[in-house]
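K.L.:
My questions will all concern the structure given below.
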Amino acid sequence: MNLLIKSATIIDSKSDFHNTTQDILVEKGIITKISKSIKNPKNYKEIKLDNLHISQGWFDSSVCFGEPGFEERETIQNGLKTASASGFTAVAMNANTYPVIDTNADVAFVNSKSANNAVTLIPIGALTKESKGHDLAELFDMKNAGAGAFYDYKKSITNPNLLKIALQYASNFGGLVCSFAQENNISGLGVMNEGITSTSVGLKGNPSLAEELQVARDLFLLEYTEGKLHIPTVSTAKSVDLIREAKKKKLDVTCSVAIHNLYFTDNVLNDFNTKYKVSPPLRTLEDIEALINGLKDGTIDMVTSDHNPLNIESKKVEFDYAEFGTIGLESAFGALNSIFTIKKTISLLTNGKERFGLENSPINIGNTIDITLFNPDTKYTFSEDNIISKSKNTIFEGEDLKGEVYGIISNKTVSIK
């Protein structure tokens with residue numbers, strides 16, 4: 001792959017050219033020259049785009065693609081197409097397929113379906129067999145097959161001894177254990193955050209306590225086992241405080257937050273729109289402020305779209321019976337860029353790679369090119385026209401967002417919309 005990128009503003013704190021506008025020469029997939037002006041005597045393909053900005057390729061630690069088993073919701077190929085058009089050069093795919101990804105053969109299948117793609121797909125293996133929470137899955141074999149972590153998607157591990165054993169066992173080979181933070185006996189049949197709004201609209205509430213009890217339990221287990229833990233999609237102020245204290249103790253813990261939990265409060269549920277039914281639920285403004293502060297001070301390590309395609313039949317029903325989840329890849333950049341500065345937005349979108357076994361590739365001479373191309377200033381209203389996913393269950397429909405993704409250059413492939 002040989003090309004010349006013209007007049008690109010580089011947003012990469014690990015680059016020698018951070019916050020400058022440069023031409024970039026790429027030969028055989030390697031950055032060979034970065035300069036204010038580069039001529040093109042070999043007539044390489046040139047990339048010239050309006051207000052072009054570039055950064056290291058973005059990473060999403062939690063996406064669902066459906067395949068195998070739920071291809072009507074999404075396929076791996078179309079999911080990766082969606083990811084590339086949304087600016088992501090790497091994604092970690094959850095195990096909530098049919099069958100559940102819980103063996104090395106399942107991991108190998110996912111790897112084969114995603115081979116030779118511009119987007120690197122990291123399979124997440126199930127933590128327990130069939131994600132039923134009873135017996136550990138084949139963690140070591142899946143790790144050897146390429147699994148980047150182990151997680152029963154949106155299913156909490158109710159047996160603390162099972163999580164203790166998982167942390168101890170996985171520490172022998174550097175495996176990353178993920179634990180969904182919800183105490184099911186407390187959350188019960190709750191379908192939204194427990195609070196003033198749930199009381200006023202008459203929907204069953206899922207209190208912050210359900211998450212916080214589980215976070216506290218998991219951190220105690222982590223301290224005991226000295227393992228390696230990731231807590232996906234935290235949503236409450238107290239959870240942030242608990243994780244902040246754990247990090248002060250030097251525990252090996254990371255966590256993420258879903259972008260929609262930074263954007264919406266539970267007040268949006270006054271009209272019972274099921275697009276807002278997500279897990280963990282949308283919380284309060286106080287929680288959002290704590291989550292944003294947690295991102296700013298490094299307590300929360302990464303953001304995720306928590307992309308979860310669902311059939312229309314799963315959402316066009318009464319609120320109590322609708323499934324939890326929203327797609328989020330296509331809206332991730334625009335939503336984040338509406339909350340944070342562009343530099344902070346890019347920092348959040350590029351965090352988390354090393355935790356899931358990927359290397360960073362700063363925009364420097366001699367490095368393999370792995371970049372996202374975007375215009376941070378474009379403003380638009382998010383609609384179905386912006387959706388590439390097969391499923392259209394987006395929480396951001398009708399929202400005014402900021403920032404346009406042009407595409408990615410990764411794995412010696414140019415993928416520009």
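Each chain in the structure tokens gets a letter, A, B and so on, in the order shown; residues start at 1 in every chain, and ligands are counted from 1 in the order they appear.
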Using only C-alpha atoms, which residues sit within 9 Å of Asn311 of chain A once same-chain residues fewer than 2 positions away are excluded, as a PyMOL selection string?

P.N.:
chain A and resi 72-73+309+313-315+390-393

K.L.:
Skip Val201 of chain A itself and residues of its chain fewer than 3 positions away, then list as a ChimeraX atom specification all residues within 9 Å of it, counting only C-alpha atoms.

P.N.:
/A:196-198,269-272

K.L.:
Determine the nearest neighbour of Leu3 of chain A from the options A:Phe17, A:Ile30, A:Asn94, A:Asn386, counting only C-alpha atoms.

P.N.:
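Using only C-alpha atoms, Leu3 of chain A sits closest to A:Ile30.
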
K.L.:
Could you give me, as CSV, every segment 251-330 of chain A residue with an atom at most 12 Å from segment 147-162 of chain A, plus its closest atom pair and distance in Å to one decimal, counting only C-alpha atoms, rows ordered by chain then number?

P.N.:
residue,atom,partner,partner_atom,distance
A:Val278,CA,A:Lys154,CA,10.5
A:Ser279,CA,A:Lys154,CA,7.4
A:Pro280,CA,A:Lys154,CA,8.5
A:Pro281,CA,A:Lys154,CA,11.8
A:Asp306,CA,A:Tyr153,CA,10.4
A:His307,CA,A:Tyr153,CA,11.9
A:Asn308,CA,A:Tyr153,CA,10.6
A:Glu323,CA,A:Lys154,CA,11.9
A:Phe324,CA,A:Lys154,CA,9.6
A:Gly325,CA,A:Lys154,CA,10.1

K.L.:
One decimal, in Å: what's the spacing between atom CA of Ser410 of chain A and atom CA of Leu358 of chain A?

P.N.:
13.3 Å

K.L.:
Kindly indicate which residue among A:Met1, A:Val215, A:Ala332, A:Ile365 lies nearest to Ile395 of chain A, using only C-alpha atoms for the distances.

P.N.:
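Residue with the minimum atom-to-atom distance to Ile395 of chain A: A:Ala332.
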
K.L.:
Quick one: distance from atom CA of Asn51 of chain A to atom CA of Ala85 of chain A in Å, one decimal?

P.N.:
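So the answer is 17.5 Å.
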
K.L.:
Residues of segment 134-231 of chain A within 12 Å of segment 350-357 of chain A: nearest atom pair and distance (Å, one decimal) for each, counting only C-alpha atoms, sorted by chain and number, as a tab-separated table?

P.N.:
residue	atom	partner	partner_atom	distance
A:Lys143	CA	A:Gly357	CA	10.5
A:Gly146	CA	A:Gly357	CA	9.4
A:Ala147	CA	A:Phe356	CA	8.8
A:Gly148	CA	A:Phe356	CA	5.1
A:Ala149	CA	A:Phe356	CA	6.6
A:Phe150	CA	A:Phe356	CA	10.3
A:Gly174	CA	A:Gly357	CA	10.1
A:Gly175	CA	A:Phe356	CA	9.4
A:Leu176	CA	A:Phe356	CA	7.7
A:Val177	CA	A:Phe356	CA	10.6
A:Cys178	CA	A:Phe356	CA	11.0
A:Lys228	CA	A:Arg355	CA	9.9
A:Leu229	CA	A:Arg355	CA	10.1
A:His230	CA	A:Arg355	CA	8.9

K.L.:
Identify which of the residues A:Ile11, A:Val91, A:Ala137, A:Val257 lies closest to Pro232 of chain A, counting only C-alpha atoms when measuring atom-to-atom distances.

P.N.:
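Nearest to Pro232 of chain A: A:Val257.
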
K.L.:
Give me every strand (DSSP E or B) residue in segment 140-356 of chain A, going by DSSP on the backbone, as number ranges by chain.

P.N.:
A: 149-150, 177-178, 192-193, 205-206, 229-231, 253-258, 302-304, 307, 326-327

K.L.:
If DSSP is run on the backbone, what residues of segment 227-329 of chain A are alpha helix (DSSP H)? A reply as number ranges by chain would be ideal.

P.N.:
A: 237-248, 260-263, 285-297, 329

K.L.:
Fewer than 5 positions away in the same chain doesn't count, so skip those; otherwise give me all residues within 7 Å of Ile409 of chain A, counting only C-alpha atoms, as a PyMOL selection string.

P.N.:
chain A and resi 369-372+414-415

K.L.:
Output the selection as a compact mmCIF listing (two decimals), in the first residue's frame - N, CA and C atoms for each residue.

P.N.:
# COMPACT_ATOMS: atom_id res chain seq x y z
N ILE A 369 1.19 2.12 9.50
CA ILE A 369 0.07 3.08 9.55
C ILE A 369 -1.20 2.40 10.04
N ASP A 370 -1.81 3.00 11.04
CA ASP A 370 -3.06 2.53 11.62
C ASP A 370 -3.78 3.77 12.12
N ILE A 371 -4.58 4.37 11.24
CA ILE A 371 -5.13 5.69 11.55
C ILE A 371 -6.62 5.79 11.25
N THR A 372 -7.24 6.76 11.89
CA THR A 372 -8.62 7.15 11.60
C THR A 372 -8.60 8.56 11.02
N VAL A 414 -7.04 0.70 2.65
CA VAL A 414 -7.65 2.02 2.74
C VAL A 414 -9.17 1.84 2.67
N SER A 415 -9.86 2.28 3.71
CA SER A 415 -11.32 2.17 3.77
C SER A 415 -11.89 3.55 4.01
